[in-house]
>>> print(open('model28.txt').read())   # compact mmCIF, C-alpha atoms
# COMPACT_ATOMS: atom_id res chain seq x y z
CA MET A 1 -25.71 -72.71 9.17
CA PRO A 2 -24.86 -70.91 12.44
CA GLN A 3 -26.68 -67.67 13.08
CA PRO A 4 -24.55 -64.55 13.87
CA ASP A 5 -24.42 -63.62 17.49
CA SER A 6 -26.48 -60.44 17.83
CA THR A 7 -24.79 -59.56 21.12
CA GLY A 8 -21.34 -59.74 19.52
CA LEU A 9 -22.46 -57.61 16.62
CA GLN A 10 -23.82 -54.99 19.01
CA ASP A 11 -20.57 -55.00 21.00
CA ARG A 12 -18.49 -54.52 17.87
CA ALA A 13 -20.77 -51.71 16.72
CA GLN A 14 -20.42 -50.00 20.09
CA ASP A 15 -16.63 -50.43 19.96
CA ASP A 16 -16.50 -48.93 16.47
CA GLN A 17 -18.70 -46.05 17.57
CA TYR A 18 -16.51 -45.44 20.63
CA SER A 19 -13.33 -45.57 18.55
CA GLY A 20 -14.77 -43.10 16.05
CA SER A 21 -15.73 -40.75 18.89
CA VAL A 22 -12.20 -40.90 20.34
CA GLU A 23 -10.64 -40.17 16.95
CA ALA A 24 -13.03 -37.26 16.40
CA GLY A 25 -12.16 -35.93 19.82
CA LEU A 26 -8.44 -36.11 19.12
CA ASP A 27 -8.92 -34.39 15.78
CA ALA A 28 -10.89 -31.67 17.52
CA LEU A 29 -8.03 -31.14 19.97
CA ASP A 30 -5.60 -30.65 17.07
CA THR A 31 -7.89 -28.19 15.31
CA PRO A 32 -7.46 -24.52 16.29
CA VAL A 33 -10.56 -23.09 17.89
CA ASN A 34 -11.84 -19.97 16.16
CA SER A 35 -14.48 -18.67 18.50
CA PRO A 36 -16.66 -15.92 17.07
CA ASP A 37 -15.59 -12.46 18.18
CA GLY A 38 -18.86 -10.76 17.38
CA SER A 39 -19.38 -7.99 14.85
CA LEU A 40 -16.58 -6.33 12.89
CA LEU A 41 -17.07 -3.11 14.86
CA ARG A 42 -16.71 -4.98 18.14
CA ARG A 43 -13.51 -6.71 16.97
CA ILE A 44 -12.00 -3.41 15.83
CA ALA A 45 -12.97 -1.77 19.12
CA GLY A 46 -11.42 -4.66 21.06
CA ARG A 47 -8.12 -4.15 19.30
CA VAL A 48 -8.01 -0.35 19.12
CA LEU A 49 -9.53 0.81 22.38
CA PRO A 50 -7.12 -0.91 24.84
CA PRO A 51 -3.94 0.74 23.46
CA ILE A 52 -5.74 4.08 23.10
CA GLY A 53 -6.89 3.80 26.69
CA ALA A 54 -3.35 3.03 27.84
CA ILE A 55 -2.00 6.07 25.96
CA VAL A 56 -4.68 8.34 27.41
CA LEU A 57 -3.93 7.08 30.92
CA LEU A 58 -0.21 7.68 30.41
CA VAL A 59 -0.81 11.24 29.18
CA VAL A 60 -3.11 11.95 32.12
CA VAL A 61 -0.51 10.73 34.63
CA TRP A 62 2.16 12.73 32.79
CA GLN A 63 -0.02 15.87 32.92
CA ILE A 64 -0.68 15.39 36.64
CA LEU A 65 3.03 15.00 37.41
CA TRP A 66 3.85 18.10 35.38
CA ALA A 67 1.08 20.14 37.06
CA ALA A 68 2.27 19.01 40.50
CA ALA A 69 5.71 20.44 39.67
CA PHE A 70 7.66 17.58 41.22
CA TRP A 71 10.47 18.38 38.76
CA GLU A 72 11.58 21.59 37.15
CA GLU A 73 10.25 22.54 33.73
CA PHE A 74 13.57 21.80 32.04
CA LYS A 75 13.44 18.21 33.36
CA LEU A 76 9.81 17.30 32.68
CA PRO A 77 8.01 19.19 29.90
CA ALA A 78 4.27 19.53 29.56
CA PRO A 79 2.56 17.11 27.17
CA ALA A 80 1.31 20.11 25.21
CA ALA A 81 4.87 21.35 24.70
CA VAL A 82 5.99 18.00 23.34
CA TRP A 83 2.96 17.80 21.07
CA SER A 84 3.77 21.31 19.82
CA GLN A 85 7.26 20.12 18.81
CA ILE A 86 5.83 17.11 16.95
CA TRP A 87 3.13 19.20 15.26
CA GLN A 88 5.76 21.69 14.10
CA LEU A 89 7.66 18.82 12.47
CA VAL A 90 4.45 17.62 10.81
CA THR A 91 3.38 21.01 9.44
CA SER A 92 6.87 21.86 8.17
CA GLY A 93 7.28 18.45 6.53
CA ASP A 94 10.54 17.80 8.39
CA ILE A 95 9.10 14.68 9.99
CA LEU A 96 9.14 12.90 6.63
CA GLU A 97 12.88 13.52 6.27
CA LEU A 98 13.53 12.33 9.83
CA PHE A 99 11.60 9.12 9.22
CA TRP A 100 13.11 8.51 5.79
CA VAL A 101 16.73 8.98 6.88
CA SER A 102 16.42 6.63 9.85
CA VAL A 103 13.94 4.03 8.58
CA HIS A 104 15.63 3.43 5.23
CA ARG A 105 18.97 2.98 7.01
CA ALA A 106 17.38 0.52 9.41
CA VAL A 107 15.76 -1.47 6.59
CA ILE A 108 18.99 -1.64 4.56
CA GLY A 109 21.01 -2.59 7.64
CA PHE A 110 18.48 -5.25 8.62
CA GLY A 111 18.49 -6.69 5.09
CA LEU A 112 22.29 -6.89 5.03
CA SER A 113 22.26 -8.46 8.48
CA LEU A 114 19.79 -11.08 7.26
CA LEU A 115 22.03 -12.00 4.32
CA ILE A 116 24.95 -12.54 6.68
CA ALA A 117 23.13 -14.06 9.66
CA VAL A 118 21.17 -16.81 7.87
CA PRO A 119 24.23 -18.64 6.43
CA LEU A 120 26.05 -18.06 9.71
CA GLY A 121 23.17 -19.52 11.74
CA LEU A 122 22.88 -22.51 9.41
CA ALA A 123 26.61 -23.19 9.76
CA ILE A 124 26.50 -22.93 13.54
CA ALA A 125 23.43 -25.19 13.79
CA ASN A 126 24.66 -27.91 11.41
CA ILE A 127 28.47 -27.99 11.74
CA THR A 128 29.78 -29.06 15.13
CA VAL A 129 33.19 -27.43 14.75
CA VAL A 130 31.63 -24.10 13.80
CA ARG A 131 29.20 -24.29 16.72
CA ARG A 132 32.01 -24.92 19.19
CA GLY A 133 34.34 -22.32 17.70
CA ILE A 134 32.12 -19.47 16.53
CA GLY A 135 28.91 -20.05 18.50
CA PRO A 136 30.24 -18.61 21.79
CA LEU A 137 31.70 -15.60 19.95
CA VAL A 138 28.34 -14.83 18.34
CA SER A 139 26.59 -15.10 21.71
CA GLY A 140 29.20 -12.82 23.22
CA LEU A 141 28.71 -10.25 20.48
CA GLN A 142 24.97 -10.35 21.12
CA SER A 143 25.50 -9.42 24.78
CA LEU A 144 27.92 -6.62 23.88
CA PRO A 145 26.14 -3.24 23.66
CA SER A 146 26.30 -2.08 20.06
CA VAL A 147 26.97 1.48 21.16
CA ALA A 148 30.45 0.30 22.15
CA TRP A 149 31.25 -0.13 18.44
CA VAL A 150 30.41 3.47 17.51
CA PRO A 151 33.80 5.03 18.44
CA ALA A 152 35.71 2.29 16.62
CA ALA A 153 33.45 2.55 13.56
CA ILE A 154 34.01 6.32 13.39
CA LEU A 155 37.78 5.84 13.58
CA TRP A 156 37.72 3.09 10.94
CA PHE A 157 35.28 4.58 8.41
CA GLY A 158 34.86 8.23 9.40
CA LEU A 159 31.57 10.08 9.80
CA ASN A 160 29.66 8.42 6.97
CA ASP A 161 27.00 5.80 6.32
CA ARG A 162 29.52 2.95 6.36
CA ALA A 163 30.22 3.57 10.04
CA ILE A 164 26.50 3.53 10.82
CA TYR A 165 25.84 0.34 8.85
CA TRP A 166 28.78 -1.35 10.54
CA VAL A 167 27.26 -0.65 13.95
CA VAL A 168 23.86 -1.89 12.77
CA LEU A 169 25.38 -5.12 11.42
CA LEU A 170 27.22 -5.87 14.64
CA GLY A 171 24.03 -5.27 16.59
CA ALA A 172 21.64 -7.30 14.42
CA VAL A 173 23.64 -10.21 12.97
CA PRO A 174 24.28 -12.04 16.30
CA SER A 175 20.61 -11.80 17.31
CA ILE A 176 19.30 -13.11 13.98
CA ALA A 177 21.89 -15.90 13.83
CA ASN A 178 21.18 -17.05 17.39
CA GLY A 179 17.44 -16.91 16.71
CA LEU A 180 17.87 -19.17 13.69
CA VAL A 181 20.07 -21.57 15.68
CA SER A 182 17.45 -21.70 18.43
CA GLY A 183 14.71 -22.43 15.91
CA LEU A 184 16.74 -25.16 14.20
CA ASP A 185 17.58 -26.78 17.52
CA GLN A 186 13.86 -27.18 18.20
CA VAL A 187 13.20 -29.07 14.94
CA PRO A 188 12.39 -32.75 15.70
CA PRO A 189 15.34 -34.92 14.56
CA ILE A 190 13.01 -37.23 12.65
CA LEU A 191 12.16 -34.56 10.07
CA PRO A 192 15.65 -34.32 8.51
CA ARG A 193 15.88 -38.12 8.49
CA VAL A 194 12.52 -38.42 6.72
CA GLY A 195 13.63 -35.84 4.15
CA LYS A 196 16.84 -37.72 3.54
CA ALA A 197 14.94 -40.98 3.14
CA LEU A 198 12.72 -39.31 0.56
CA GLY A 199 15.72 -38.22 -1.46
CA ALA A 200 16.28 -34.65 -0.27
CA GLY A 201 19.91 -33.54 -0.53
CA ARG A 202 21.68 -31.29 1.94
CA LEU A 203 20.54 -28.03 0.33
CA GLY A 204 17.08 -29.41 -0.36
CA GLY A 205 16.72 -30.55 3.24
CA ILE A 206 17.69 -27.09 4.48
CA ARG A 207 15.35 -25.29 2.10
CA TYR A 208 12.29 -27.51 2.27
CA ILE A 209 12.55 -29.07 5.74
CA LEU A 210 14.80 -27.29 8.24
CA LEU A 211 13.98 -23.66 7.45
CA PRO A 212 10.17 -24.12 7.25
CA ALA A 213 10.17 -26.22 10.42
CA ALA A 214 12.31 -23.65 12.26
CA LEU A 215 10.32 -20.65 11.01
CA PRO A 216 8.13 -20.10 14.13
CA GLY A 217 11.21 -19.95 16.36
CA PHE A 218 13.20 -18.03 13.76
CA LEU A 219 10.55 -15.29 13.73
CA GLY A 220 11.46 -14.50 17.32
CA GLY A 221 15.06 -14.05 16.23
CA LEU A 222 13.98 -11.79 13.38
CA LYS A 223 11.97 -9.59 15.73
CA GLN A 224 14.87 -9.38 18.14
CA GLY A 225 17.25 -8.71 15.26
CA TRP A 226 15.10 -5.81 14.07
CA ALA A 227 14.96 -4.42 17.62
CA PHE A 228 18.74 -4.62 17.90
CA SER A 229 19.27 -3.05 14.47
CA TRP A 230 16.93 -0.16 15.37
CA ARG A 231 18.62 0.37 18.72
CA SER A 232 22.06 0.19 17.13
CA LEU A 233 21.04 2.71 14.48
CA MET A 234 19.76 5.16 17.07
CA ALA A 235 22.98 4.82 19.08
CA ALA A 236 25.05 5.44 15.94
CA GLU A 237 22.98 8.45 14.85
CA LEU A 238 23.05 9.88 18.34
CA ILE A 239 26.87 9.84 18.53
CA ALA A 240 28.00 10.04 14.88
CA THR A 241 26.52 13.43 14.00
CA SER A 242 27.50 15.25 10.82
CA PRO A 243 25.72 17.41 8.21
CA ASP A 244 26.86 14.93 5.56
CA LEU A 245 24.86 12.17 7.25
CA GLY A 246 21.55 13.99 7.09
CA GLU A 247 19.20 14.47 10.03
CA GLY A 248 17.59 11.31 11.28
CA LEU A 249 15.73 10.68 14.51
CA GLY A 250 18.96 10.09 16.43
CA GLN A 251 20.41 13.35 15.12
CA TYR A 252 17.18 15.16 16.09
CA LEU A 253 17.45 13.74 19.60
CA HIS A 254 21.09 14.86 19.78
CA ASN A 255 20.12 18.35 18.67
CA GLY A 256 17.56 18.56 21.45
CA MET A 257 20.22 17.59 23.99
CA SER A 258 22.67 20.16 22.57
CA LEU A 259 20.03 22.89 22.79
CA SER A 260 18.96 21.79 26.30
CA ASP A 261 15.40 21.59 24.94
CA ILE A 262 13.70 18.86 26.95
CA SER A 263 10.47 19.06 24.93
CA MET A 264 12.50 18.40 21.77
CA VAL A 265 14.21 15.46 23.49
CA PHE A 266 10.85 13.96 24.52
CA ALA A 267 9.49 14.48 21.01
CA GLY A 268 12.47 12.58 19.57
CA ILE A 269 11.99 9.74 22.05
CA LEU A 270 8.29 9.46 21.18
CA LEU A 271 8.98 9.43 17.44
CA ILE A 272 11.58 6.68 17.85
CA PHE A 273 9.07 4.73 19.93
CA VAL A 274 6.33 5.20 17.31
CA VAL A 275 8.55 3.79 14.56
CA GLY A 276 9.44 0.75 16.68
CA VAL A 277 5.82 0.01 17.54
CA GLY A 278 4.68 0.68 13.96
CA ILE A 279 7.12 -1.83 12.46
CA GLU A 280 6.05 -4.42 15.04
CA LEU A 281 2.33 -3.96 14.32
CA LEU A 282 2.54 -3.55 10.55
CA VAL A 283 5.22 -6.10 9.69
CA PHE A 284 6.11 -8.65 12.34
CA ARG A 285 2.72 -9.11 14.04
CA PRO A 286 0.87 -10.04 10.81
CA LEU A 287 3.76 -12.25 9.68
CA GLU A 288 3.86 -14.05 13.00
CA ASN A 289 0.10 -14.53 13.10
CA SER A 290 0.11 -15.89 9.55
CA VAL A 291 2.86 -18.42 10.26
CA LEU A 292 1.39 -19.60 13.56
CA ARG A 293 -2.14 -19.84 12.12
CA ALA A 294 -0.88 -21.86 9.16
CA ARG A 295 0.61 -24.35 11.60
CA GLY A 296 -2.46 -24.44 13.82
CA LEU A 297 -0.44 -23.21 16.80
CA THR A 298 -2.62 -20.29 17.80
CA ARG A 299 -5.50 -18.17 16.66
CA ALA A 300 -4.43 -14.97 14.94
CA SER A 301 -4.98 -11.99 17.21
>>> encode(input="model28.txt", output="structure tokens")
Amino acid sequence: MPQPDSTGLQDRAQDDQYSGSVEAGLDALDTPVNSPDGSLLRRIAGRVLPPIGAIVLLVVVWQILWAAAFWEEFKLPAPAAVWSQIWQLVTSGDILELFWVSVHRAVIGFGLSLLIAVPLGLAIANITVVRRGIGPLVSGLQSLPSVAWVPAAILWFGLNDRAIYWVVLLGAVPSIANGLVSGLDQVPPILPRVGKALGAGRLGGIRYILLPAALPGFLGGLKQGWAFSWRSLMAAELIATSPDLGEGLGQYLHNGMSLSDISMVFAGILLIFVVGVGIELLVFRPLENSVLRARGLTRAS
């Protein structure tokens, strides 16, 4: 009986060991690296201190420019004067009404835009005739400043919430729809074919394959859609002013302009900015991190 070749056995063992090392290395490349960030206090400080430092630096530069009197007082207010305006809103409770009037309109407008934009984006992405006919119109509407729709909306609907929501829809729907189309265009063609081979129908393929696969790209469209809806709302509130509409942030900014009160104008700008940043940090940033982390695309920041 022939004896096994010990050299051959050793070579095969080395080959198997090498192959296992290569596979382990490839698996390690696909696995997201979660390096330790140190203690909880250090992680919190790493996230909180940089933006606080940037804000402090901005206020210091602002204070220096105001003290140097490069511009007149009615053009550049002191930081203390702007803070006094904001603190007055806080102590009187008026800031809650300002936030409620504007934010709830933005949320409702964004929700309505989402209901319209998702079917529209799916139709543009999956139906060639719709893409060729409506796709360029949607892209053109996205490039059109939403403030241009305010005069027409006032003439059509009057000074009421319908005019404001119309402007918000025309500002947000094109951005959300184009974001969804962009995300769907980046889905590998093999995924819909695999779903079809496994028995998924048209609606099932959209629900279980296309939309989940396009979600990372679609999130960018959602963020842009929210930004456009917020900007459109501020433009509408700034122009369409009426006691029946209530006082939102845009109305407050308009009142500051009417009173020639530059500190009031700066306070309105800062409050609008705070809402925009707050929605980004509290809603879209965690959602984006969760989706990307679930797909192993990046480490949540």
>>> residues_around(input="model28.txt", residues="range 136-140 of chain A", least_positions_apart="6", cutoff="8 Å", atoms="only C-alpha atoms", output="count of residues only")
3
>>> atom_distance(input="model28.txt", atom1="CA of Ala117 in chain A", atom2="CA of Val173 in chain A")
5.1 Å
>>> atom_distance(input="model28.txt", atom1="CA of Ser92 in chain A", atom2="CA of Leu159 in chain A")
27.4 Å
>>> residues_around(input="model28.txt", residues="Glu280 in chain A", least_positions_apart="6", cutoff="10 Å", atoms="all atoms listed in the file", output="list of chain:residue names")
A:Lys223, A:Trp226, A:Ala227, A:Val274, A:Pro286, A:Leu287
>>> closest_residue(input="model28.txt", among="A:Gln88, A:Ser242, A:Ser182, A:Ser146", to="Gly158 in chain A", atoms="all atoms listed in the file")
A:Ser242
>>> closest_residue(input="model28.txt", among="A:Ala240, A:Phe70, A:Val101, A:Ile108", to="Leu155 in chain A", atoms="all atoms listed in the file")
A:Ala240
>>> build_atoms(input="model28.txt", residues="range 140-151 of chain A", atoms="all heavy atoms", output="tab-separated table (two decimals), in the coordinates of the input")
chain	number	residue	atom	x	y	z
A	140	GLY	N	28.54	-13.92	22.53
A	140	GLY	CA	29.20	-12.82	23.22
A	140	GLY	C	28.97	-11.49	22.54
A	140	GLY	O	28.75	-10.46	23.21
A	141	LEU	N	28.99	-11.48	21.21
A	141	LEU	CA	28.71	-10.25	20.48
A	141	LEU	C	27.28	-9.78	20.71
A	141	LEU	O	27.01	-8.57	20.75
A	141	LEU	CB	28.94	-10.46	18.98
A	141	LEU	CG	30.40	-10.55	18.53
A	141	LEU	CD1	30.47	-10.89	17.04
A	141	LEU	CD2	31.13	-9.24	18.80
A	142	GLN	N	26.36	-10.73	20.87
A	142	GLN	CA	24.97	-10.35	21.12
A	142	GLN	C	24.82	-9.64	22.46
A	142	GLN	O	24.01	-8.73	22.60
A	142	GLN	CB	24.07	-11.58	21.07
A	142	GLN	CG	22.59	-11.26	21.24
A	142	GLN	CD	21.72	-12.48	21.13
A	142	GLN	OE1	22.21	-13.59	20.94
A	142	GLN	NE2	20.41	-12.31	21.23
A	143	SER	N	25.59	-10.05	23.45
A	143	SER	CA	25.50	-9.42	24.78
A	143	SER	C	26.28	-8.12	24.86
A	143	SER	O	26.10	-7.37	25.81
A	143	SER	CB	26.01	-10.40	25.85
A	143	SER	OG	27.38	-10.71	25.63
A	144	LEU	N	27.14	-7.86	23.87
A	144	LEU	CA	27.92	-6.62	23.88
A	144	LEU	C	27.07	-5.47	23.38
A	144	LEU	O	26.51	-5.55	22.28
A	144	LEU	CB	29.16	-6.78	23.00
A	144	LEU	CG	30.10	-5.57	22.90
A	144	LEU	CD1	30.76	-5.29	24.24
A	144	LEU	CD2	31.15	-5.78	21.82
A	145	PRO	N	26.93	-4.38	24.14
A	145	PRO	CA	26.14	-3.24	23.66
A	145	PRO	C	26.70	-2.70	22.36
A	145	PRO	O	27.90	-2.45	22.24
A	145	PRO	CB	26.27	-2.22	24.80
A	145	PRO	CG	26.63	-3.01	26.00
A	145	PRO	CD	27.46	-4.17	25.50
A	146	SER	N	25.84	-2.53	21.37
A	146	SER	CA	26.30	-2.08	20.06
A	146	SER	C	26.85	-0.67	20.09
A	146	SER	O	27.66	-0.31	19.22
A	146	SER	CB	25.14	-2.16	19.06
A	146	SER	OG	24.02	-1.43	19.53
A	147	VAL	N	26.45	0.12	21.09
A	147	VAL	CA	26.97	1.48	21.16
A	147	VAL	C	28.48	1.49	21.40
A	147	VAL	O	29.16	2.46	21.06
A	147	VAL	CB	26.24	2.25	22.29
A	147	VAL	CG1	26.60	1.69	23.65
A	147	VAL	CG2	26.55	3.74	22.22
A	148	ALA	N	29.01	0.38	21.93
A	148	ALA	CA	30.45	0.30	22.15
A	148	ALA	C	31.23	0.29	20.85
A	148	ALA	O	32.42	0.61	20.83
A	148	ALA	CB	30.78	-0.95	22.97
A	149	TRP	N	30.57	-0.08	19.73
A	149	TRP	CA	31.25	-0.13	18.44
A	149	TRP	C	31.27	1.22	17.74
A	149	TRP	O	31.96	1.38	16.72
A	149	TRP	CB	30.56	-1.15	17.52
A	149	TRP	CG	30.75	-2.57	17.94
A	149	TRP	CD1	29.84	-3.38	18.54
A	149	TRP	CD2	31.94	-3.35	17.79
A	149	TRP	NE1	30.38	-4.62	18.77
A	149	TRP	CE2	31.67	-4.63	18.32
A	149	TRP	CE3	33.21	-3.09	17.26
A	149	TRP	CZ2	32.61	-5.65	18.34
A	149	TRP	CZ3	34.15	-4.10	17.28
A	149	TRP	CH2	33.85	-5.36	17.81
A	150	VAL	N	30.50	2.19	18.22
A	150	VAL	CA	30.41	3.47	17.51
A	150	VAL	C	31.76	4.18	17.44
A	150	VAL	O	32.17	4.64	16.36
A	150	VAL	CB	29.33	4.36	18.15
A	150	VAL	CG1	29.28	5.71	17.47
A	150	VAL	CG2	27.97	3.67	18.08
A	151	PRO	N	32.50	4.34	18.55
A	151	PRO	CA	33.80	5.03	18.44
A	151	PRO	C	34.75	4.33	17.46
A	151	PRO	O	35.42	5.00	16.66
A	151	PRO	CB	34.33	5.00	19.87
A	151	PRO	CG	33.14	4.86	20.73
A	151	PRO	CD	32.20	3.99	19.96
